[in-house]
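K.L.:
Compact mmCIF, C-alpha atoms, saved as model_1.txt, coming up:
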# COMPACT_ATOMS: atom_id res chain seq x y z
CA MET M 1 122.50 -72.78 30.98
CA ILE M 2 119.88 -70.03 31.33
CA ILE M 3 121.61 -68.00 28.62
CA GLN M 4 121.55 -71.03 26.32
CA ILE M 5 117.83 -71.56 26.91
CA ILE M 6 117.09 -67.89 26.25
CA SER M 7 119.19 -67.96 23.08
CA PHE M 8 117.51 -71.14 21.86
CA THR M 9 114.05 -69.72 22.58
CA THR M 10 114.88 -66.47 20.80
CA LEU M 11 116.22 -68.29 17.76
CA SER M 12 113.15 -70.52 17.69
CA ILE M 13 110.83 -67.51 17.74
CA VAL M 14 112.81 -65.79 14.97
CA ALA M 15 112.74 -68.99 12.90
CA LEU M 16 108.97 -69.32 13.42
CA ILE M 17 108.36 -65.72 12.36
CA PHE M 18 110.55 -66.28 9.29
CA LEU M 19 108.63 -69.43 8.37
CA ILE M 20 105.26 -67.68 8.75
CA ASP M 21 106.48 -65.12 6.20
CA ILE M 22 108.35 -67.35 3.77
CA VAL M 23 106.21 -70.51 3.58
CA PRO M 24 103.22 -68.86 1.83
CA ILE M 25 105.53 -67.18 -0.70
CA PHE M 26 107.22 -70.50 -1.43
CA LYS M 27 103.87 -72.29 -1.74
CA ASP M 28 102.62 -69.71 -4.25
CA TRP M 29 105.77 -70.13 -6.33
CA LEU M 30 105.42 -73.90 -6.27
CA ARG M 31 101.73 -73.91 -7.17
CA ARG M 32 102.27 -71.56 -10.12
CA ILE M 33 104.53 -74.02 -11.87
CA HIS M 34 102.76 -75.14 -15.08
CA ILE M 35 99.95 -72.63 -14.48
CA GLY M 36 97.32 -72.11 -17.19
CA ARG M 37 97.50 -75.38 -19.14
CA TYR M 38 93.74 -75.85 -19.41
CA ARG M 39 92.28 -75.81 -22.90
CA ASP M 40 89.05 -77.81 -22.57
CA GLU M 41 86.23 -75.91 -20.85
CA ASN M 42 84.61 -79.07 -19.43
CA ILE M 43 87.85 -80.28 -17.85
CA TRP M 44 88.54 -76.79 -16.51
CA ASN M 45 85.04 -76.66 -15.07
CA GLU M 46 85.40 -79.93 -13.17
CA LYS M 47 88.75 -78.81 -11.77
CA ILE M 48 87.61 -75.40 -10.54
CA VAL M 49 84.39 -76.88 -9.12
CA LYS M 50 86.38 -79.42 -7.10
CA LYS M 51 88.46 -76.61 -5.65
CA GLY M 52 85.30 -74.56 -5.00
CA PHE M 53 83.68 -77.33 -2.97
CA GLY M 54 86.95 -77.76 -1.08
CA TRP M 55 86.89 -74.09 -0.10
CA LEU M 56 83.20 -74.09 0.85
CA TYR M 57 83.77 -75.44 4.36
CA LYS M 58 87.13 -73.83 4.94
CA THR M 59 87.18 -70.63 2.95
CA PRO M 60 90.74 -69.26 2.62
CA LYS M 61 91.21 -66.21 4.80
CA ILE M 62 91.65 -63.01 2.82
CA LYS M 63 94.22 -60.66 4.30
CA VAL M 64 93.21 -57.20 5.44
CA THR M 65 96.69 -55.75 4.91
CA ASP M 66 99.28 -56.14 2.15
CA ASN M 67 102.04 -57.02 4.60
CA THR M 68 104.21 -59.95 3.55
CA ARG M 69 106.82 -59.41 6.26
CA LEU M 70 106.30 -59.90 10.00
CA VAL M 71 102.80 -61.20 9.26
CA VAL M 72 102.67 -62.55 12.80
CA LEU M 73 102.21 -58.97 14.07
CA ASP M 74 99.00 -58.63 12.03
CA MET M 75 97.80 -61.91 13.49
CA LEU M 76 98.54 -60.84 17.05
CA ASN M 77 96.80 -57.48 16.48
CA LYS M 78 93.78 -59.29 14.99
CA ASN M 79 94.32 -57.37 11.78
CA PHE M 80 94.85 -60.35 9.52
CA THR M 81 91.32 -60.97 8.27
CA LYS M 82 87.72 -59.84 8.93
CA SER M 83 84.49 -61.85 8.97
CA SER M 84 82.76 -59.33 6.69
CA ILE M 85 85.26 -60.15 3.95
CA GLN M 86 84.22 -63.80 4.14
CA TYR M 87 80.53 -63.18 3.37
CA TRP M 88 81.11 -62.22 -0.23
CA GLN M 89 83.68 -64.99 -0.68
CA GLU M 90 81.21 -67.63 0.53
CA ALA M 91 78.33 -66.07 -1.41
CA SER M 92 80.25 -66.25 -4.66
CA LEU M 93 81.07 -69.93 -4.08
CA ILE M 94 77.39 -70.69 -3.35
CA LEU M 95 76.26 -68.83 -6.48
CA GLY M 96 78.78 -70.68 -8.62
CA LEU M 97 78.28 -74.14 -7.15
CA SER M 98 74.49 -73.81 -7.30
CA GLU M 99 74.83 -73.20 -11.05
CA TYR M 100 76.91 -76.39 -11.23
CA ILE M 101 74.29 -78.36 -9.25
CA LYS M 102 71.59 -77.18 -11.66
CA ASN M 103 73.51 -78.86 -14.47
CA LYS M 104 74.67 -82.03 -12.72
CA ASN M 105 71.80 -82.55 -10.26
CA ASP M 106 73.85 -85.04 -8.20
CA ASN M 107 73.00 -85.80 -4.59
CA GLU M 108 76.60 -85.59 -3.37
CA SER M 109 76.88 -81.94 -4.39
CA LYS M 110 73.49 -81.18 -2.86
CA ASN M 111 74.53 -82.78 0.42
CA LYS M 112 77.68 -80.67 0.49
CA MET M 113 75.58 -77.56 -0.02
CA MET M 114 73.22 -78.52 2.81
CA LYS M 115 76.18 -79.10 5.10
CA PHE M 116 77.30 -75.52 4.46
CA LEU M 117 73.80 -74.14 5.11
CA ASP M 118 73.59 -76.05 8.39
CA SER M 119 76.80 -74.29 9.47
CA LYS M 120 75.23 -70.85 8.87
CA PHE M 121 71.58 -71.18 9.94
CA ASN M 122 69.86 -72.72 12.97
CA HIS M 123 66.74 -74.90 13.13
CA THR M 124 64.47 -71.82 12.95
CA GLY M 125 66.11 -70.62 9.73
CA GLN M 126 67.85 -67.73 11.48
CA TRP M 127 71.52 -66.81 11.16
CA ILE M 128 73.59 -68.64 13.79
CA ASN M 129 75.82 -65.57 13.96
CA LYS M 130 73.73 -62.57 12.99
CA PRO M 131 75.69 -60.29 10.63
CA GLU M 132 76.00 -56.59 11.34
CA HIS M 133 77.07 -55.36 7.92
CA ILE M 134 75.35 -55.32 4.55
CA ASP M 135 78.08 -57.52 3.03
CA ALA M 136 75.97 -60.47 4.22
CA ALA M 137 73.12 -59.59 1.85
CA ILE M 138 74.90 -61.17 -1.10
CA LEU M 139 75.14 -64.43 0.87
CA ALA M 140 71.40 -64.21 1.62
CA TYR M 141 70.84 -63.73 -2.13
CA ALA M 142 72.90 -66.85 -2.85
CA VAL M 143 70.64 -68.80 -0.46
CA ILE M 144 67.51 -67.62 -2.27
CA LYS M 145 69.04 -68.86 -5.54
CA LEU M 146 69.02 -72.40 -4.14
CA ASP M 147 65.23 -72.57 -4.45
CA PHE M 148 65.49 -74.91 -7.44
CA PHE M 149 66.24 -77.83 -5.12
CA ILE M 150 65.30 -76.76 -1.57
CA ASP M 151 62.48 -74.79 0.00
CA THR M 152 64.29 -71.55 0.82
CA ASN M 153 61.29 -70.36 2.84
CA GLN M 154 62.83 -72.32 5.71
CA TYR M 155 65.42 -69.51 5.90
CA LYS M 156 62.84 -66.73 5.91
CA ASN M 157 63.84 -65.57 9.40
CA ALA M 158 67.39 -64.95 8.18
CA LEU M 159 66.15 -63.28 5.01
CA ASP M 160 63.81 -61.03 6.99
CA TYR M 161 66.65 -60.16 9.36
CA THR M 162 68.85 -59.24 6.37
CA TRP M 163 66.17 -56.89 5.03
CA GLU M 164 65.78 -55.24 8.45
CA MET M 165 69.57 -54.84 8.67
CA ILE M 166 69.66 -53.15 5.26
CA LYS M 167 66.90 -50.77 6.33
CA GLU M 168 69.01 -49.77 9.33
CA HIS M 169 71.71 -48.63 6.88
CA ILE M 170 69.43 -46.33 4.85
CA GLY M 171 70.58 -42.72 5.02
CA TYR M 172 68.77 -39.41 4.69
CA ASP M 173 69.06 -39.61 0.88
CA ASP M 174 66.99 -42.83 1.00
CA THR M 175 69.83 -45.00 -0.25
CA VAL M 176 71.92 -47.56 1.62
CA GLY M 177 75.26 -46.77 3.21
CA TYR M 178 78.18 -49.17 3.27
CA ARG M 179 78.45 -48.91 7.07
CA LYS M 180 76.36 -47.14 9.71
CA SER M 181 79.47 -45.18 10.66
CA MET M 182 80.10 -44.09 7.05
CA GLN M 183 76.76 -42.60 6.02
CA SER M 184 78.39 -39.70 4.18
CA TYR M 185 79.54 -42.00 1.40
CA ARG M 186 77.96 -44.30 -1.15
CA TYR M 187 80.22 -47.11 -2.33
CA VAL M 188 80.05 -48.99 -5.61
CA ASP M 189 80.54 -52.24 -3.64
CA THR M 190 77.10 -51.75 -2.10
CA ILE M 191 75.43 -52.20 -5.50
CA GLY M 192 76.74 -55.76 -5.69
CA PHE M 193 76.15 -56.51 -2.01
CA ILE M 194 72.47 -55.59 -1.76
CA CYS M 195 70.69 -55.03 -5.08
CA PRO M 196 70.30 -58.65 -6.25
CA PHE M 197 69.08 -59.64 -2.77
CA LEU M 198 66.60 -56.76 -2.59
CA VAL M 199 65.05 -57.62 -5.95
CA SER M 200 64.89 -61.39 -5.41
CA TYR M 201 63.59 -61.00 -1.83
CA GLY M 202 61.09 -58.37 -2.97
CA ILE M 203 59.78 -60.61 -5.76
CA LYS M 204 59.67 -63.69 -3.51
CA TYR M 205 57.72 -62.04 -0.69
CA ASN M 206 55.88 -59.36 -2.66
CA LYS M 207 57.70 -56.44 -1.06
CA THR M 208 57.76 -53.73 -3.72
CA GLU M 209 59.65 -51.36 -1.40
CA CYS M 210 62.68 -53.67 -1.65
CA ILE M 211 62.65 -53.54 -5.44
CA ASP M 212 62.18 -49.76 -5.37
CA LEU M 213 65.22 -49.41 -3.10
CA ALA M 214 67.42 -51.59 -5.30
CA VAL M 215 66.58 -49.63 -8.43
CA LYS M 216 67.04 -46.31 -6.62
CA GLN M 217 70.46 -47.45 -5.37
CA ILE M 218 71.54 -48.26 -8.93
CA LYS M 219 70.04 -45.18 -10.54
CA GLU M 220 71.47 -42.81 -7.92
CA TYR M 221 74.89 -44.32 -8.49
CA GLU M 222 74.54 -43.90 -12.23
CA LYS M 223 73.65 -40.25 -11.64
CA TYR M 224 76.42 -39.33 -9.21
CA GLY M 225 79.02 -42.11 -9.24
CA ILE M 226 79.53 -42.81 -12.93
CA SER M 227 81.52 -40.75 -15.40
CA ALA M 228 79.19 -39.19 -17.94
CA GLU M 229 81.88 -39.30 -20.62
CA HIS M 230 83.16 -42.87 -20.20
CA SER M 231 80.34 -44.54 -18.20
CA LEU M 232 82.83 -45.86 -15.66
CA PRO M 233 82.00 -45.98 -11.93
CA CYS M 234 84.21 -44.33 -9.35
CA HIS M 235 84.89 -46.07 -6.05
CA ALA M 236 82.45 -43.93 -4.09
CA TYR M 237 80.81 -40.52 -3.94
CA LYS M 238 80.00 -38.16 -1.09
CA ILE M 239 76.29 -37.63 -0.72
CA GLU M 240 76.46 -34.06 0.66
CA ASN M 241 78.04 -32.55 -2.43
CA LYS M 242 78.11 -35.51 -4.86
CA GLU M 243 81.90 -35.35 -5.18
CA PRO M 244 83.42 -38.50 -6.74
CA LEU M 245 85.93 -40.31 -4.54
CA GLY M 246 88.61 -42.84 -5.31
CA LEU M 247 89.47 -44.15 -8.73
CA TYR M 248 87.35 -44.08 -11.89
CA GLY M 249 87.92 -47.40 -13.60
CA TRP M 250 88.91 -49.55 -10.61
CA GLY M 251 88.50 -53.05 -12.02
CA ARG M 252 86.69 -54.74 -9.16
CA GLY M 253 84.58 -51.61 -8.75
CA LEU M 254 83.32 -52.24 -12.29
CA GLY M 255 82.74 -55.83 -11.21
CA TRP M 256 80.66 -54.86 -8.18
CA PHE M 257 78.50 -52.57 -10.26
CA ALA M 258 78.22 -55.21 -12.99
CA ILE M 259 76.99 -58.06 -10.81
CA GLY M 260 74.61 -55.83 -8.87
CA LEU M 261 73.09 -54.52 -12.08
CA ILE M 262 72.92 -57.73 -14.09
CA ASP M 263 71.58 -59.93 -11.29
CA ALA M 264 68.98 -57.33 -10.31
CA TRP M 265 67.90 -57.12 -13.96
CA ASN M 266 67.82 -60.91 -14.28
CA GLU M 267 65.59 -61.27 -11.22
CA LEU M 268 62.95 -58.85 -12.50
CA PRO M 269 59.96 -60.36 -14.34
CA GLU M 270 59.51 -59.20 -17.91
CA ASP M 271 56.39 -57.21 -17.05
CA ASN M 272 57.98 -55.32 -14.17
CA GLU M 273 58.06 -51.54 -14.59
CA TYR M 274 61.81 -51.44 -13.95
CA LYS M 275 62.80 -54.13 -16.47
CA ILE M 276 63.28 -51.81 -19.45
CA PRO M 277 65.03 -48.98 -17.53
CA LEU M 278 67.52 -51.46 -16.06
CA GLU M 279 67.99 -53.06 -19.48
CA GLU M 280 69.04 -49.67 -20.79
CA SER M 281 71.57 -49.50 -17.95
CA VAL M 282 72.86 -52.97 -18.83
CA ARG M 283 73.30 -52.01 -22.47
CA ARG M 284 75.06 -48.77 -21.65
CA PHE M 285 77.44 -50.38 -19.16
CA ALA M 286 78.20 -53.33 -21.45
CA GLU M 287 79.22 -51.03 -24.29
CA ALA M 288 81.42 -49.03 -21.91
CA ALA M 289 83.15 -52.01 -20.27
CA ILE M 290 83.91 -53.79 -23.54
CA ARG M 291 85.97 -50.82 -24.66
CA PHE M 292 88.42 -51.45 -21.82
CA GLN M 293 88.80 -55.22 -22.18
CA GLN M 294 92.41 -56.14 -22.98
CA ASP M 295 93.42 -58.17 -26.03
CA ASN M 296 94.17 -61.16 -23.79
CA GLY M 297 90.56 -61.14 -22.54
CA SER M 298 91.22 -59.62 -19.12
CA TRP M 299 90.29 -56.36 -17.46
CA ASN M 300 93.17 -54.74 -15.61
CA TRP M 301 92.90 -53.68 -11.98
CA THR M 302 92.72 -50.14 -13.38
CA VAL M 303 90.83 -50.76 -16.59
CA THR M 304 91.87 -47.51 -18.25
CA ARG M 305 95.61 -48.31 -18.07
CA THR M 306 97.08 -51.02 -20.27
CA GLU M 307 100.23 -50.96 -18.12
CA CYS M 308 98.39 -52.26 -15.03
CA ARG M 309 98.21 -55.89 -14.03
CA PRO M 310 95.20 -57.95 -15.10
CA ASP M 311 92.77 -58.66 -12.28
CA SER M 312 91.07 -62.06 -12.36
CA SER M 313 88.29 -60.90 -10.02
CA ALA M 314 87.33 -58.05 -12.34
CA THR M 315 87.54 -60.39 -15.33
CA ALA M 316 85.34 -63.07 -13.74
CA THR M 317 82.60 -60.67 -12.66
CA LEU M 318 82.59 -58.71 -15.92
CA GLY M 319 82.65 -61.98 -17.86
CA TRP M 320 79.52 -63.07 -15.97
CA PHE M 321 77.92 -59.73 -16.76
CA MET M 322 78.71 -60.00 -20.48
CA LEU M 323 77.39 -63.55 -20.72
CA ASN M 324 74.04 -62.45 -19.29
CA ALA M 325 73.95 -59.17 -21.17
CA SER M 326 74.11 -61.24 -24.37
CA LYS M 327 70.37 -61.90 -23.86
CA ILE M 328 69.82 -58.40 -25.26
CA ASP M 329 69.58 -58.87 -29.01
CA ASP M 330 71.37 -55.79 -30.32
CA ILE M 331 74.49 -56.37 -28.17
CA SER M 332 74.35 -60.17 -28.01
CA GLY M 333 77.21 -60.86 -30.42
CA VAL M 334 79.80 -58.53 -28.90
CA CYS M 335 78.90 -59.60 -25.37
CA LEU M 336 79.34 -63.31 -26.20
CA VAL M 337 82.73 -62.63 -27.76
CA SER M 338 83.71 -60.63 -24.69
CA SER M 339 82.67 -63.38 -22.24
CA ASP M 340 84.50 -66.04 -24.29
CA LYS M 341 87.67 -63.94 -24.21
CA ALA M 342 87.31 -63.57 -20.44
CA ILE M 343 86.94 -67.33 -19.98
CA ASN M 344 90.01 -67.99 -22.12
CA PHE M 345 92.06 -65.62 -19.99
CA LEU M 346 90.84 -67.16 -16.74
CA MET M 347 91.74 -70.64 -17.94
CA LYS M 348 95.28 -69.39 -18.53
CA VAL M 349 95.66 -68.17 -14.95
CA THR M 350 94.33 -71.33 -13.29
CA ARG M 351 96.77 -73.32 -11.20
CA ARG M 352 97.17 -77.07 -11.58
CA ASN M 353 95.04 -77.62 -8.47
CA GLY M 354 92.13 -75.66 -9.96
CA ALA M 355 92.61 -72.41 -8.03
CA ILE M 356 92.27 -69.30 -10.18
CA ASP M 357 95.17 -66.97 -9.54
CA PHE M 358 96.01 -63.25 -9.76
CA SER M 359 93.00 -61.58 -8.18
CA GLN M 360 93.58 -58.26 -6.47
CA GLY M 361 93.55 -58.39 -2.67
CA ASP M 362 91.08 -56.67 -0.39
CA THR M 363 90.76 -52.89 -0.67
CA LYS M 364 92.02 -50.88 2.31
CA ASP M 365 90.02 -47.67 1.94
CA ILE M 366 88.57 -45.38 -0.71
CA GLY M 367 91.34 -45.00 -3.27
CA VAL M 368 93.70 -47.34 -1.38
CA TYR M 369 94.03 -50.56 -3.36
CA SER M 370 95.89 -53.78 -2.74
CA MET M 371 98.97 -54.57 -4.76
CA LEU M 372 98.82 -58.27 -3.91
CA PHE M 373 97.42 -60.59 -6.58
CA ASN M 374 96.60 -64.12 -5.52
CA ILE M 375 93.74 -66.58 -5.09
CA LEU M 376 90.31 -65.27 -4.13
CA PRO M 377 87.24 -67.48 -3.51
CA PHE M 378 85.09 -64.66 -4.90
CA THR M 379 86.80 -65.07 -8.28
CA GLN M 380 86.56 -68.86 -8.08
CA GLY M 381 82.82 -68.69 -7.52
CA PHE M 382 82.10 -66.36 -10.41
CA CYS M 383 84.23 -68.46 -12.76
CA ILE M 384 82.22 -71.54 -11.76
CA ARG M 385 79.00 -69.60 -12.17
CA MET M 386 79.97 -68.27 -15.58
CA ILE M 387 81.24 -71.49 -17.16
CA ASN M 388 78.30 -73.58 -15.91
CA PHE M 389 75.80 -71.03 -17.17
CA LYS M 390 77.55 -71.09 -20.53
CA LEU M 391 77.70 -74.89 -20.76
CA SER M 392 74.00 -75.20 -19.91
CA ASN M 393 72.83 -72.76 -22.60
Re-express the file's structure as structure tokens.
P.N.:
Amino acid sequence: MIIQIISFTTLSIVALIFLIDIVPIFKDWLRRIHIGRYRDENIWNEKIVKKGFGWLYKTPKIKVTDNTRLVVLDMLNKNFTKSSIQYWQEASLILGLSEYIKNKNDNESKNKMMKFLDSKFNHTGQWINKPEHIDAAILAYAVIKLDFFIDTNQYKNALDYTWEMIKEHIGYDDTVGYRKSMQSYRYVDTIGFICPFLVSYGIKYNKTECIDLAVKQIKEYEKYGISAEHSLPCHAYKIENKEPLGLYGWGRGLGWFAIGLIDAWNELPEDNEYKIPLEESVRRFAEAAIRFQQDNGSWNWTVTRTECRPDSSATATLGWFMLNASKIDDISGVCLVSSDKAINFLMKVTRRNGAIDFSQGDTKDIGVYSMLFNILPFTQGFCIRMINFKLSN
């Protein structure tokens, strides 16, 4: 009898482990049936927005590893997901859905947004769970962007805390490190995480030192982290000797640089001293990135290789960049064509339920990139942001 119980228990555990591995794979296969049948931008928009709001309260967990076998071991070792990954997923959804609310102005959507904010901030406007890493700055930026329908000054304590946290990450070169424990490196991700927040916060509260830091972060990266010949960013550079690290032309790396640059430029008033220098950076990067856009409208996960898989996250962020860069007269036409091509591609990789597929998974380390391509709330948010900005202009 005891042997039978042990055998049954063992078989049950094995079956459970097998199901944990196989069920997600089966679900992906099932949900990709009839993928990419959207042709009308308005219908596509409503579908991806519905999915975006659905993810706002329960953001899908993004895996830390690429393991698809014995996933239960990652769960037990608490190596399945990290909270810092969630900040930029949630931020992207807020940025996208706020663009949608601007257009629709319906109370139901506003109430859903307030429900999310109440889950993140307390009655004093401070973070309920104070973040430790600069990834959270992009979420703080997304909150500031809600000032068209709420008084975002109520969250000033959280915004002030975010600025103080960023200052704690400033290294001896007077730029911001990705982590306190990794001050020898400057990552391209950091441009997207902090620069839009620093500019918008600096403008809002008249803190010129924030704007100075954002522009310095971008300009230093252009100087040491971007290929002079092709104007493509590498993953990171080492500040002691300015050696480039990781891959030149990593798709989402281009995306991080793109959104940091374009949103920082957008936030600057026309009479600001940095407006024209950043506009020159926008023009230069737009011309470089367009050269590597594929015929199908995508950017590959390595943009310089046509053999690589398309990456929806790179395509969504670069599409957003191109749409905004089209405000510059002499590159307006090519940028609008580029953003339209990106949207057409993204419509073709959207599942029936509105989830945009085939985004590269989370990066493991400098030069160590995920080979999983699946849903990513970050991509969803930037698609919502892009299409709603387009439809409103």
K.L.:
Please identify all polymer residues within 9 Å of stretch 42-56 of chain M, counting all atoms listed in the file, omitting same-chain residues fewer than 5 positions from it, and present them as a PDB file with C-alpha atoms, keeping the file's coordinate frame.
P.N.:
ATOM      1  CA  GLU M  90      81.210 -67.630   0.530  1.00  0.00           C
ATOM      2  CA  LEU M  93      81.070 -69.930  -4.080  1.00  0.00           C
ATOM      3  CA  ILE M  94      77.390 -70.690  -3.350  1.00  0.00           C
ATOM      4  CA  GLY M  96      78.780 -70.680  -8.620  1.00  0.00           C
ATOM      5  CA  LEU M  97      78.280 -74.140  -7.150  1.00  0.00           C
ATOM      6  CA  TYR M 100      76.910 -76.390 -11.230  1.00  0.00           C
ATOM      7  CA  SER M 109      76.880 -81.940  -4.390  1.00  0.00           C
ATOM      8  CA  LYS M 112      77.680 -80.670   0.490  1.00  0.00           C
ATOM      9  CA  MET M 113      75.580 -77.560  -0.020  1.00  0.00           C
ATOM     10  CA  PHE M 116      77.300 -75.520   4.460  1.00  0.00           C
ATOM     11  CA  MET M 347      91.740 -70.640 -17.940  1.00  0.00           C
ATOM     12  CA  THR M 350      94.330 -71.330 -13.290  1.00  0.00           C
ATOM     13  CA  ARG M 352      97.170 -77.070 -11.580  1.00  0.00           C
ATOM     14  CA  ASN M 353      95.040 -77.620  -8.470  1.00  0.00           C
ATOM     15  CA  GLY M 354      92.130 -75.660  -9.960  1.00  0.00           C
ATOM     16  CA  ALA M 355      92.610 -72.410  -8.030  1.00  0.00           C
ATOM     17  CA  ILE M 356      92.270 -69.300 -10.180  1.00  0.00           C
ATOM     18  CA  PRO M 377      87.240 -67.480  -3.510  1.00  0.00           C
ATOM     19  CA  GLN M 380      86.560 -68.860  -8.080  1.00  0.00           C
ATOM     20  CA  GLY M 381      82.820 -68.690  -7.520  1.00  0.00           C
ATOM     21  CA  CYS M 383      84.230 -68.460 -12.760  1.00  0.00           C
ATOM     22  CA  ILE M 384      82.220 -71.540 -11.760  1.00  0.00           C
ATOM     23  CA  ILE M 387      81.240 -71.490 -17.160  1.00  0.00           C
ATOM     24  CA  ASN M 388      78.300 -73.580 -15.910  1.00  0.00           C
ATOM     25  CA  LEU M 391      77.700 -74.890 -20.760  1.00  0.00           C
TER      26      LEU M 391
END
K.L.:
I'd like to know which of M:Ser370, M:Thr190, M:Asn103, M:Ser92 is closest to M:Asn393, using only C-alpha atoms.
P.N.:
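Answer, going by the shortest atom-to-atom distance: M:Asn103.
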K.L.:
At a cut-off of 10 Å, using all atoms listed in the file, what residues contact M:Leu346? Leave out same-chain residues fewer than 4 positions from it and give the result as a list in words.
P.N.:
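Close residues of M:Leu346: Gly36, Tyr38, Trp44, Asn296, Gly297, Ser298, Asp311, Ser312, Ser313, Thr315, Ala316, Gly319, Asp340, Lys341, Ala342, Thr350, Ile356, Asp357, Phe358, Thr379, Gln380 and Cys383 of chain M.
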K.L.:
Restrict the calculation to all atoms listed in the file, then for each residue of stretch 280-372 of chain M with any atom at most 10 Å from an atom of stretch 265-269 of chain M give the closest atom pair and their distance in Å to one decimal, rows by chain and rising residue number, as a Markdown table.
P.N.:
| residue | atom | partner | partner_atom | distance |
| --- | --- | --- | --- | --- |
| M:Ser281 | CA | M:Trp265 | CA | 9.4 |
| M:Val282 | CA | M:Trp265 | CA | 8.1 |
| M:Asn324 | CA | M:Asn266 | CA | 8.1 |
| M:Ala325 | CA | M:Asn266 | CA | 9.4 |
| M:Lys327 | CA | M:Asn266 | CA | 10.0 |
K.L.:
Record the distance separating atom CA of M:Ala258 and atom CA of M:Trp127, expressed in Å with one decimal.
P.N.:
27.6 Å
K.L.:
Any idea what's packed within 6 Å of stretch 213-222 of chain M, counting only C-alpha atoms, ignoring anything in its chain fewer than 5 positions away? Could you give it as a list in words?
P.N.:
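Residues near the query, excluding close chain neighbours: Thr175, Cys195 and Leu198 of chain M.
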K.L.:
Considering all atoms listed in the file, can you say which of M:Glu168, M:Asp173, M:Asp263, M:Glu273 comes closest to M:Thr208?
P.N.:
M:Glu273
K.L.:
Any idea what's packed within 10 Å of M:His230, counting only C-alpha atoms, ignoring anything in its chain fewer than 4 positions away? Could you give it as number ranges by chain?
P.N.:
M: 226, 248-249, 285, 287-289, 291
K.L.:
Which value, in Å to one decimal, gives the distance between atom CA of M:Phe149 and atom CA of M:Met322?
P.N.:
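Interatomic distance here is 26.6 Å.
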